[in-house]
Amino acid sequence: MTSATATAAASPNIALIKYWGNRDDALRIPANDSLSFTLSRLETRTQVVFSDDLADDRLIINGSEAEELSRARASSLLKHVRELSGCRSFAQIESETNFPTAAGLASSAAAFAALALAASTAAGLDLQARELSCLARLGSGSAARSIYSGFALLHAGEDHQSSFAEQLFPVSHWPLIDLIAVVESDSKSVGSTSGHQLANSSPLQDARIRDTPRRLDRTRQAIAARDIEALGTICELDSNMMHAVMMTSAPPLLYWSPGSIGLMHRIQRWRAAGDPVFYTIDAGPNVHCITVPEFAGVLEARLSEDAAIEQIFQAPMGEGARLLSN
Ligand code: PMV
């Protein structure tokens, strides 16, 4: 092979049942199952070119050479692609993202889902969605779920093959909307890769993991019944349990800012008054406000009155990872 190329796009997802902590850090085998839906509008586009002229893998993000840690992370996924395909060349990866990276908007999920699809295709592989999800997981656990549209479940599993994602419900089943309230657009101080390694230092992590099957079961039932009240109650609990683990790890991680907490209070009040909305928060301060399409306009108008909110992204449910023509 002298040169082989492919381009793919993928979007972030928002976890309704979150994973935090790894059973195996090197393979990113999560400590617990997780469930999410994939977003639209926010997107990462990645082109991979394998070329005999390169002496190492290169990573360019939004036009600039990436720092070594990010390059090495992408390179370890490419190493796996080379093992699977027999391709021996290094690759140049060029990635463009249309939303703030590393601010709790799951940029790594979109990035590694797009990279898994572009790199495997460029190397001549035609992987099934399940195998692609395992490959994406090596870069970022949550990326395994961004391979799919609609609601996706990541089985924690025990080894590389059994730790995969699958689609649970298509978008048409219940097209929810994520209104992302950005209360701080600066990069978070502790990224999820280091955060996962602290999870076991919290005395609450075991209890959170043990209770996951129950929360997952309730979440599946609420989605099946399209019951936003039931979904909101269980998903806010799940988000709070993950943050309780974060806050009680050593050292502790406190991702919430005053703006996050103010909005959490307001959303709980709105739901108690009958409005179809709930919150969930990832490893950052920004608040994902989940609602149904009929209420999205009212909610966006309310959020735009909040002085603590710098920016709002309205992200309906979207597609899984897809190939683009070069
Ligand atoms: O995929 P990672 O390593 O960025 O971890 C994701 C962690 C959370 O976003 C906080 C939860 C989740 O399940 O997406």
# chains A, B, ... in the order shown; residues from 1 in each chain; ligands from 1
$ residues_around --residues "A:Ser172" --least-positions-apart "3" --cutoff "10 Å" --atoms "only C-alpha atoms" --output "PDB file with all heavy atoms, in the first residue's frame"
ATOM      1  N   GLY A 150     -29.736   6.763  17.585  1.00  0.00           N
ATOM      2  CA  GLY A 150     -30.751   6.411  18.582  1.00  0.00           C
ATOM      3  C   GLY A 150     -30.143   6.105  19.942  1.00  0.00           C
ATOM      4  O   GLY A 150     -29.089   6.630  20.308  1.00  0.00           O
ATOM      5  N   PHE A 169     -32.924   1.270  20.847  1.00  0.00           N
ATOM      6  CA  PHE A 169     -34.139   1.802  20.210  1.00  0.00           C
ATOM      7  C   PHE A 169     -33.692   2.766  19.111  1.00  0.00           C
ATOM      8  O   PHE A 169     -32.741   3.516  19.306  1.00  0.00           O
ATOM      9  CB  PHE A 169     -34.991   2.619  21.199  1.00  0.00           C
ATOM     10  CG  PHE A 169     -35.524   1.839  22.366  1.00  0.00           C
ATOM     11  CD1 PHE A 169     -34.824   1.801  23.565  1.00  0.00           C
ATOM     12  CD2 PHE A 169     -36.734   1.165  22.276  1.00  0.00           C
ATOM     13  CE1 PHE A 169     -35.320   1.099  24.659  1.00  0.00           C
ATOM     14  CE2 PHE A 169     -37.240   0.456  23.361  1.00  0.00           C
ATOM     15  CZ  PHE A 169     -36.528   0.417  24.566  1.00  0.00           C
ATOM     16  N   PRO A 175     -37.813  10.596  19.723  1.00  0.00           N
ATOM     17  CA  PRO A 175     -36.729  11.523  19.373  1.00  0.00           C
ATOM     18  C   PRO A 175     -36.536  12.652  20.399  1.00  0.00           C
ATOM     19  O   PRO A 175     -37.011  13.768  20.198  1.00  0.00           O
ATOM     20  CB  PRO A 175     -37.154  12.071  18.005  1.00  0.00           C
ATOM     21  CG  PRO A 175     -38.626  11.861  17.937  1.00  0.00           C
ATOM     22  CD  PRO A 175     -39.018  10.797  18.902  1.00  0.00           C
ATOM     23  N   LEU A 176     -35.841  12.341  21.469  1.00  0.00           N
ATOM     24  CA  LEU A 176     -35.603  13.342  22.519  1.00  0.00           C
ATOM     25  C   LEU A 176     -34.637  14.423  22.026  1.00  0.00           C
ATOM     26  O   LEU A 176     -33.961  14.253  21.014  1.00  0.00           O
ATOM     27  CB  LEU A 176     -35.016  12.660  23.758  1.00  0.00           C
ATOM     28  CG  LEU A 176     -35.933  11.664  24.466  1.00  0.00           C
ATOM     29  CD1 LEU A 176     -35.214  11.005  25.640  1.00  0.00           C
ATOM     30  CD2 LEU A 176     -37.211  12.352  24.949  1.00  0.00           C
ATOM     31  N   MET A 317     -31.694  14.146  18.583  1.00  0.00           N
ATOM     32  CA  MET A 317     -31.038  12.853  18.381  1.00  0.00           C
ATOM     33  C   MET A 317     -30.538  12.762  16.953  1.00  0.00           C
ATOM     34  O   MET A 317     -31.157  13.309  16.034  1.00  0.00           O
ATOM     35  CB  MET A 317     -32.057  11.750  18.575  1.00  0.00           C
ATOM     36  CG  MET A 317     -31.986  11.142  19.911  1.00  0.00           C
ATOM     37  SD  MET A 317     -32.983   9.670  19.840  1.00  0.00           S
ATOM     38  CE  MET A 317     -33.392   9.566  21.533  1.00  0.00           C
TER      39      MET A 317
END
$ residues_near_ligand --ligand "ligand 1" --cutoff "9 Å" --atoms "only C-alpha atoms and all ligand atoms" --output "JSON, numbers by chain"
{"A": [13, 14, 15, 16, 17, 18, 19, 20, 21, 22, 28, 30, 33, 34, 35, 36, 104, 105, 106, 107, 108, 109, 137, 139, 140, 141, 142, 143, 144, 145, 154, 191, 192, 193, 194, 195, 196, 239, 242, 243, 281, 282, 283, 284]}
$ write_last_selection --atoms "C-alpha atoms" --output "short mmCIF file (atom, residue, chain, number, x, y, z; two decimals), in the first residue's frame"
data_model
loop_
_atom_site.label_atom_id
_atom_site.label_comp_id
_atom_site.auth_asym_id
_atom_site.auth_seq_id
_atom_site.Cartn_x
_atom_site.Cartn_y
_atom_site.Cartn_z
CA ASN A 13 -23.71 11.09 22.73
CA ILE A 14 -25.23 11.90 26.09
CA ALA A 15 -25.21 9.11 28.66
CA LEU A 16 -28.46 8.63 30.58
CA ILE A 17 -26.85 5.84 32.61
CA LYS A 18 -23.20 6.79 32.93
CA TYR A 19 -20.03 4.83 33.19
CA TRP A 20 -17.29 5.97 35.53
CA GLY A 21 -14.19 3.89 36.26
CA ASN A 22 -12.57 1.13 34.23
CA ARG A 28 -10.87 0.83 28.55
CA PRO A 30 -15.76 0.06 31.73
CA ASP A 33 -22.86 -0.88 31.61
CA SER A 34 -24.02 2.48 30.24
CA LEU A 35 -26.85 3.80 28.07
CA SER A 36 -26.94 6.93 25.91
CA GLY A 104 -17.95 17.96 29.11
CA LEU A 105 -19.50 17.83 25.64
CA ALA A 106 -18.11 14.33 25.00
CA SER A 107 -15.79 15.43 22.22
CA SER A 108 -13.73 12.26 22.66
CA ALA A 109 -16.78 10.10 21.91
CA ARG A 137 -13.89 1.95 22.87
CA GLY A 139 -9.87 5.36 22.34
CA SER A 140 -12.71 6.39 24.66
CA GLY A 141 -15.31 4.19 26.35
CA SER A 142 -18.20 6.45 25.42
CA ALA A 143 -17.11 6.43 21.74
CA ALA A 144 -18.37 2.83 21.45
CA ARG A 145 -21.93 4.20 21.80
CA LEU A 154 -22.52 -0.28 26.07
CA GLY A 191 -10.24 14.86 31.95
CA SER A 192 -12.21 11.62 32.05
CA THR A 193 -9.14 9.43 31.36
CA SER A 194 -7.53 10.47 34.68
CA GLY A 195 -10.94 10.67 36.36
CA HIS A 196 -11.75 7.01 35.64
CA SER A 239 -25.95 11.55 37.22
CA MET A 242 -21.65 9.49 39.43
CA HIS A 243 -20.89 13.00 40.73
CA ILE A 281 -24.12 16.22 33.70
CA ASP A 282 -20.92 14.58 32.42
CA ALA A 283 -17.32 15.20 33.50
CA GLY A 284 -17.64 18.98 33.31
#
$ residues_around --residues "A:Gly63" --least-positions-apart "6" --cutoff "12 Å" --atoms "only C-alpha atoms" --output "MDAnalysis selection string"
chainID A and resid 46 93:97
$ write_last_selection --atoms "N, CA, C and O atoms" --output "tab-separated table (two decimals), in the first residue's frame"
chain	number	residue	atom	x	y	z
A	46	THR	N	-13.30	13.29	10.39
A	46	THR	CA	-11.91	12.83	10.48
A	46	THR	C	-11.48	12.14	9.20
A	46	THR	O	-12.17	11.23	8.72
A	93	ILE	N	-3.78	11.74	10.51
A	93	ILE	CA	-5.20	11.92	10.88
A	93	ILE	C	-5.47	13.42	10.93
A	93	ILE	O	-4.77	14.16	11.61
A	94	GLU	N	-6.49	13.85	10.20
A	94	GLU	CA	-6.89	15.26	10.27
A	94	GLU	C	-8.32	15.33	10.73
A	94	GLU	O	-9.20	14.74	10.12
A	95	SER	N	-8.54	16.05	11.84
A	95	SER	CA	-9.85	16.05	12.47
A	95	SER	C	-10.36	17.48	12.65
A	95	SER	O	-9.60	18.37	13.04
A	96	GLU	N	-11.63	17.68	12.32
A	96	GLU	CA	-12.25	19.02	12.49
A	96	GLU	C	-13.48	18.84	13.36
A	96	GLU	O	-14.31	17.96	13.09
A	97	THR	N	-13.63	19.68	14.38
A	97	THR	CA	-14.76	19.57	15.29
A	97	THR	C	-15.52	20.88	15.29
A	97	THR	O	-14.90	21.95	15.35
$ closest_residue --among "A:Ala119, A:Leu135, A:Ile223, A:Leu299" --to "A:Pro170" --atoms "only C-alpha atoms"
A:Ile223
$ residues_around --residues "A:Leu231" --least-positions-apart "3" --cutoff "12 Å" --atoms "only C-alpha atoms" --output "number ranges by chain"
A: 16-17, 176, 215-228, 234-238, 271, 276-280, 290-292
$ select_by_dssp --residues "stretch 86-298 of chain A" --states "strand (DSSP E or B)" --output "JSON, numbers by chain"
{"A": [90, 91, 92, 93, 94, 95, 96, 97, 151, 152, 153, 154, 165, 166, 167, 168, 169, 177, 178, 179, 180, 181, 182, 277, 278, 279, 280, 287, 288, 289, 290, 291]}
$ write_last_selection --atoms "N, CA, C and O atoms" --output "tab-separated table (two decimals), in the first residue's frame"
chain	number	residue	atom	x	y	z
A	90	PHE	N	2.20	4.04	8.58
A	90	PHE	CA	1.70	5.01	9.56
A	90	PHE	C	0.64	5.88	8.87
A	90	PHE	O	0.48	5.82	7.65
A	91	ALA	N	-0.08	6.65	9.70
A	91	ALA	CA	-1.18	7.42	9.12
A	91	ALA	C	-1.15	8.88	9.55
A	91	ALA	O	-0.66	9.21	10.63
A	92	GLN	N	-1.70	9.72	8.69
A	92	GLN	CA	-1.96	11.11	9.07
A	92	GLN	C	-3.46	11.24	9.33
A	92	GLN	O	-4.27	10.87	8.48
A	93	ILE	N	-3.78	11.74	10.51
A	93	ILE	CA	-5.20	11.92	10.88
A	93	ILE	C	-5.47	13.42	10.93
A	93	ILE	O	-4.77	14.16	11.61
A	94	GLU	N	-6.49	13.85	10.20
A	94	GLU	CA	-6.89	15.26	10.27
A	94	GLU	C	-8.32	15.33	10.73
A	94	GLU	O	-9.20	14.74	10.12
A	95	SER	N	-8.54	16.05	11.84
A	95	SER	CA	-9.85	16.05	12.47
A	95	SER	C	-10.36	17.48	12.65
A	95	SER	O	-9.60	18.37	13.04
A	96	GLU	N	-11.63	17.68	12.32
A	96	GLU	CA	-12.25	19.02	12.49
A	96	GLU	C	-13.48	18.84	13.36
A	96	GLU	O	-14.31	17.96	13.09
A	97	THR	N	-13.63	19.68	14.38
A	97	THR	CA	-14.76	19.57	15.29
A	97	THR	C	-15.52	20.88	15.29
A	97	THR	O	-14.90	21.95	15.35
A	151	PHE	N	-30.83	5.25	20.71
A	151	PHE	CA	-30.37	4.88	22.05
A	151	PHE	C	-29.40	3.71	21.93
A	151	PHE	O	-29.70	2.73	21.24
A	152	ALA	N	-28.28	3.79	22.63
A	152	ALA	CA	-27.29	2.71	22.55
A	152	ALA	C	-26.89	2.25	23.94
A	152	ALA	O	-26.83	3.05	24.89
A	153	LEU	N	-26.61	0.97	24.06
A	153	LEU	CA	-26.19	0.37	25.33
A	153	LEU	C	-24.76	-0.13	25.17
A	153	LEU	O	-24.47	-0.85	24.20
A	154	LEU	N	-23.89	0.26	26.06
A	154	LEU	CA	-22.52	-0.28	26.07
A	154	LEU	C	-22.44	-1.34	27.16
A	154	LEU	O	-22.56	-1.02	28.35
A	165	ALA	N	-20.91	-2.10	22.16
A	165	ALA	CA	-22.19	-1.38	22.23
A	165	ALA	C	-23.15	-1.91	21.18
A	165	ALA	O	-22.74	-2.53	20.20
A	166	GLU	N	-24.44	-1.68	21.40
A	166	GLU	CA	-25.47	-2.04	20.42
A	166	GLU	C	-26.60	-1.03	20.51
A	166	GLU	O	-26.77	-0.36	21.52
A	167	GLN	N	-27.40	-0.94	19.44
A	167	GLN	CA	-28.55	-0.03	19.47
A	167	GLN	C	-29.70	-0.68	20.23
A	167	GLN	O	-29.97	-1.87	20.05
A	168	LEU	N	-30.36	0.10	21.10
A	168	LEU	CA	-31.50	-0.42	21.86
A	168	LEU	C	-32.83	-0.02	21.23
A	168	LEU	O	-33.76	-0.80	21.14
A	169	PHE	N	-32.92	1.27	20.85
A	169	PHE	CA	-34.14	1.80	20.21
A	169	PHE	C	-33.69	2.77	19.11
A	169	PHE	O	-32.74	3.52	19.31
A	177	ILE	N	-34.58	15.51	22.77
A	177	ILE	CA	-33.69	16.63	22.43
A	177	ILE	C	-32.80	16.95	23.63
A	177	ILE	O	-33.27	16.92	24.78
A	178	ASP	N	-31.54	17.22	23.35
A	178	ASP	CA	-30.60	17.62	24.40
A	178	ASP	C	-30.31	19.11	24.20
A	178	ASP	O	-29.74	19.51	23.19
A	179	LEU	N	-30.73	19.93	25.17
A	179	LEU	CA	-30.36	21.35	25.14
A	179	LEU	C	-29.16	21.50	26.08
A	179	LEU	O	-29.30	21.38	27.30
A	180	ILE	N	-28.02	21.72	25.48
A	180	ILE	CA	-26.79	21.75	26.27
A	180	ILE	C	-26.54	23.18	26.73
A	180	ILE	O	-26.32	24.07	25.90
A	181	ALA	N	-26.60	23.38	28.03
A	181	ALA	CA	-26.36	24.72	28.59
A	181	ALA	C	-24.90	24.81	28.98
A	181	ALA	O	-24.45	24.17	29.94
A	182	VAL	N	-24.14	25.60	28.22
A	182	VAL	CA	-22.71	25.75	28.50
A	182	VAL	C	-22.57	26.84	29.56
A	182	VAL	O	-22.85	28.01	29.31
A	277	VAL	N	-38.87	17.78	31.44
A	277	VAL	CA	-37.44	18.09	31.32
A	277	VAL	C	-36.69	17.48	32.51
A	277	VAL	O	-37.22	17.38	33.61
A	278	PHE	N	-35.45	17.03	32.24
A	278	PHE	CA	-34.57	16.60	33.34
A	278	PHE	C	-33.13	16.94	32.98
A	278	PHE	O	-32.84	17.27	31.83
A	279	TYR	N	-32.24	16.89	33.98
A	279	TYR	CA	-30.83	17.21	33.71
A	279	TYR	C	-29.95	15.98	33.84
A	279	TYR	O	-30.31	15.01	34.51
A	280	THR	N	-28.81	16.05	33.14
A	280	THR	CA	-27.75	15.08	33.36
A	280	THR	C	-26.43	15.79	33.05
A	280	THR	O	-26.39	16.67	32.19
A	287	VAL	N	-24.61	21.65	31.67
A	287	VAL	CA	-25.81	20.90	32.03
A	287	VAL	C	-26.56	20.48	30.76
A	287	VAL	O	-26.91	21.32	29.93
A	288	HIS	N	-26.77	19.19	30.62
A	288	HIS	CA	-27.56	18.67	29.50
A	288	HIS	C	-29.01	18.63	29.96
A	288	HIS	O	-29.34	17.91	30.91
A	289	CYS	N	-29.86	19.43	29.30
A	289	CYS	CA	-31.27	19.50	29.67
A	289	CYS	C	-32.02	18.67	28.63
A	289	CYS	O	-32.07	19.03	27.46
A	290	ILE	N	-32.56	17.55	29.08
A	290	ILE	CA	-33.19	16.61	28.14
A	290	ILE	C	-34.69	16.84	28.12
A	290	ILE	O	-35.33	16.91	29.19
A	291	THR	N	-35.24	16.95	26.91
A	291	THR	CA	-36.66	17.23	26.81
A	291	THR	C	-37.26	16.59	25.55
A	291	THR	O	-36.54	15.92	24.79
$ residues_around --residues "A:Asp206" --least-positions-apart "3" --cutoff "12 Å" --atoms "only C-alpha atoms" --output "PDB file with N, CA and C atoms, in the first residue's frame"
ATOM      1  N   TRP A  20     -18.394   5.241  34.886  1.00  0.00           N
ATOM      2  CA  TRP A  20     -17.291   5.973  35.527  1.00  0.00           C
ATOM      3  C   TRP A  20     -16.384   4.947  36.173  1.00  0.00           C
ATOM      4  N   GLY A  21     -15.139   4.890  35.757  1.00  0.00           N
ATOM      5  CA  GLY A  21     -14.193   3.891  36.259  1.00  0.00           C
ATOM      6  C   GLY A  21     -14.055   2.767  35.245  1.00  0.00           C
ATOM      7  N   ALA A  31     -16.267  -0.083  34.077  1.00  0.00           N
ATOM      8  CA  ALA A  31     -16.656  -0.747  35.323  1.00  0.00           C
ATOM      9  C   ALA A  31     -18.133  -1.118  35.329  1.00  0.00           C
ATOM     10  N   ASN A  32     -18.956  -0.431  34.520  1.00  0.00           N
ATOM     11  CA  ASN A  32     -20.398  -0.739  34.514  1.00  0.00           C
ATOM     12  C   ASN A  32     -20.994  -0.482  33.131  1.00  0.00           C
ATOM     13  N   ALA A 199     -11.844   6.531  40.303  1.00  0.00           N
ATOM     14  CA  ALA A 199     -13.184   6.095  40.726  1.00  0.00           C
ATOM     15  C   ALA A 199     -13.143   5.124  41.903  1.00  0.00           C
ATOM     16  N   ASN A 200     -12.199   4.166  41.851  1.00  0.00           N
ATOM     17  CA  ASN A 200     -12.168   3.159  42.921  1.00  0.00           C
ATOM     18  C   ASN A 200     -11.715   3.709  44.262  1.00  0.00           C
ATOM     19  N   SER A 201     -11.175   4.936  44.275  1.00  0.00           N
ATOM     20  CA  SER A 201     -10.756   5.508  45.559  1.00  0.00           C
ATOM     21  C   SER A 201     -11.957   6.085  46.314  1.00  0.00           C
ATOM     22  N   SER A 202     -13.130   6.126  45.680  1.00  0.00           N
ATOM     23  CA  SER A 202     -14.323   6.603  46.388  1.00  0.00           C
ATOM     24  C   SER A 202     -15.019   5.441  47.080  1.00  0.00           C
ATOM     25  N   PRO A 203     -15.394   5.630  48.366  1.00  0.00           N
ATOM     26  CA  PRO A 203     -16.107   4.552  49.067  1.00  0.00           C
ATOM     27  C   PRO A 203     -17.511   4.332  48.493  1.00  0.00           C
ATOM     28  N   ILE A 209     -21.880   0.865  41.407  1.00  0.00           N
ATOM     29  CA  ILE A 209     -21.772  -0.218  40.418  1.00  0.00           C
ATOM     30  C   ILE A 209     -22.823  -1.300  40.708  1.00  0.00           C
ATOM     31  N   ARG A 210     -22.959  -1.645  41.990  1.00  0.00           N
ATOM     32  CA  ARG A 210     -23.901  -2.723  42.349  1.00  0.00           C
ATOM     33  C   ARG A 210     -25.336  -2.373  41.976  1.00  0.00           C
ATOM     34  N   ASP A 211     -25.671  -1.087  42.054  1.00  0.00           N
ATOM     35  CA  ASP A 211     -27.048  -0.650  41.787  1.00  0.00           C
ATOM     36  C   ASP A 211     -27.293  -0.380  40.285  1.00  0.00           C
ATOM     37  N   THR A 212     -26.252  -0.462  39.463  1.00  0.00           N
ATOM     38  CA  THR A 212     -26.426  -0.098  38.041  1.00  0.00           C
ATOM     39  C   THR A 212     -27.482  -0.951  37.317  1.00  0.00           C
ATOM     40  N   MET A 241     -25.348  10.189  41.311  1.00  0.00           N
ATOM     41  CA  MET A 241     -24.522   9.131  41.907  1.00  0.00           C
ATOM     42  C   MET A 241     -23.107   9.167  41.337  1.00  0.00           C
ATOM     43  N   MET A 242     -22.997   9.413  40.013  1.00  0.00           N
ATOM     44  CA  MET A 242     -21.654   9.494  39.431  1.00  0.00           C
ATOM     45  C   MET A 242     -20.893  10.687  40.021  1.00  0.00           C
ATOM     46  N   VAL A 245     -19.607   9.987  43.457  1.00  0.00           N
ATOM     47  CA  VAL A 245     -18.347   9.217  43.409  1.00  0.00           C
ATOM     48  C   VAL A 245     -17.181  10.163  43.098  1.00  0.00           C
TER      49      VAL A 245
END
$ atom_distance --atom1 "atom CA of A:Thr233" --atom2 "atom CA of A:Met264"
12.6 Å
$ select_by_dssp --residues "stretch 123-207 of chain A" --states "helix (DSSP H, G or I)" --output "ChimeraX atom specification"
/A:129-139,141-147,171-173,192-201,205-207
$ closest_residue --among "A:Ala72, A:Leu59, A:Leu254, A:Ala10" --to "A:Arg45" --atoms "only C-alpha atoms"
A:Ala10
$ atom_distance --atom1 "atom CA of A:Cys87" --atom2 "atom CA of A:Ala321"
22.5 Å
